[in-house]
Amino acid sequence: MIHQDKINISVRIDDVGNATVSATDVHYFDGRLLVNTPVAERIAVYSLDGRMIYQAQKQSGIAAFNLYSLPKGVLIVRSDSGWVKKIIR
């Protein structure tokens, strides 16, 4: 099986021309949600019918969350900083 890693990069330019780059890396593997972002933020996991079924606060950098108890299927992961990812549990 071939795994493709994807990383999303966004660039924001403020009104004085300074650019900041942020990277969001989200993966589901072996019952754990792995999130790597440069900022501390709250993440929430939603079922496809829109119910929030998990939430946690993460520190900047890499964090792992145990999702063994969540239902199997397609889940949506969303953060306070605005990114949204789809995972398959």
# chains A, B, ... in the order shown; residues from 1 in each chain; ligands from 1
$ residues_around --residues "region 34-49 of chain A" --least-positions-apart "4" --cutoff "10 Å" --atoms "only C-alpha atoms" --output "NGL selection string"
:A and (7 or 21-29 or 53-67 or 70-87)
$ residues_around --residues "Tyr68 (chain A)" --least-positions-apart "6" --cutoff "10 Å" --atoms "only C-alpha atoms" --output "ChimeraX atom specification"
/A:30-33,89
$ select_by_dssp --residues "region 27-72 of chain A" --states "strand (DSSP E or B)" --output "list in words"
His27, Tyr28, Phe29, Arg32, Leu33, Leu34, Val35, Asn36, Thr37, Glu41, Arg42, Ile43, Ala44, Val45, Tyr46, Met52, Ile53, Tyr54, Gln55, Ala56, Gln57, Lys58, Gly61, Ile62, Ala63, Ala64, Phe65 and Asn66 of chain A
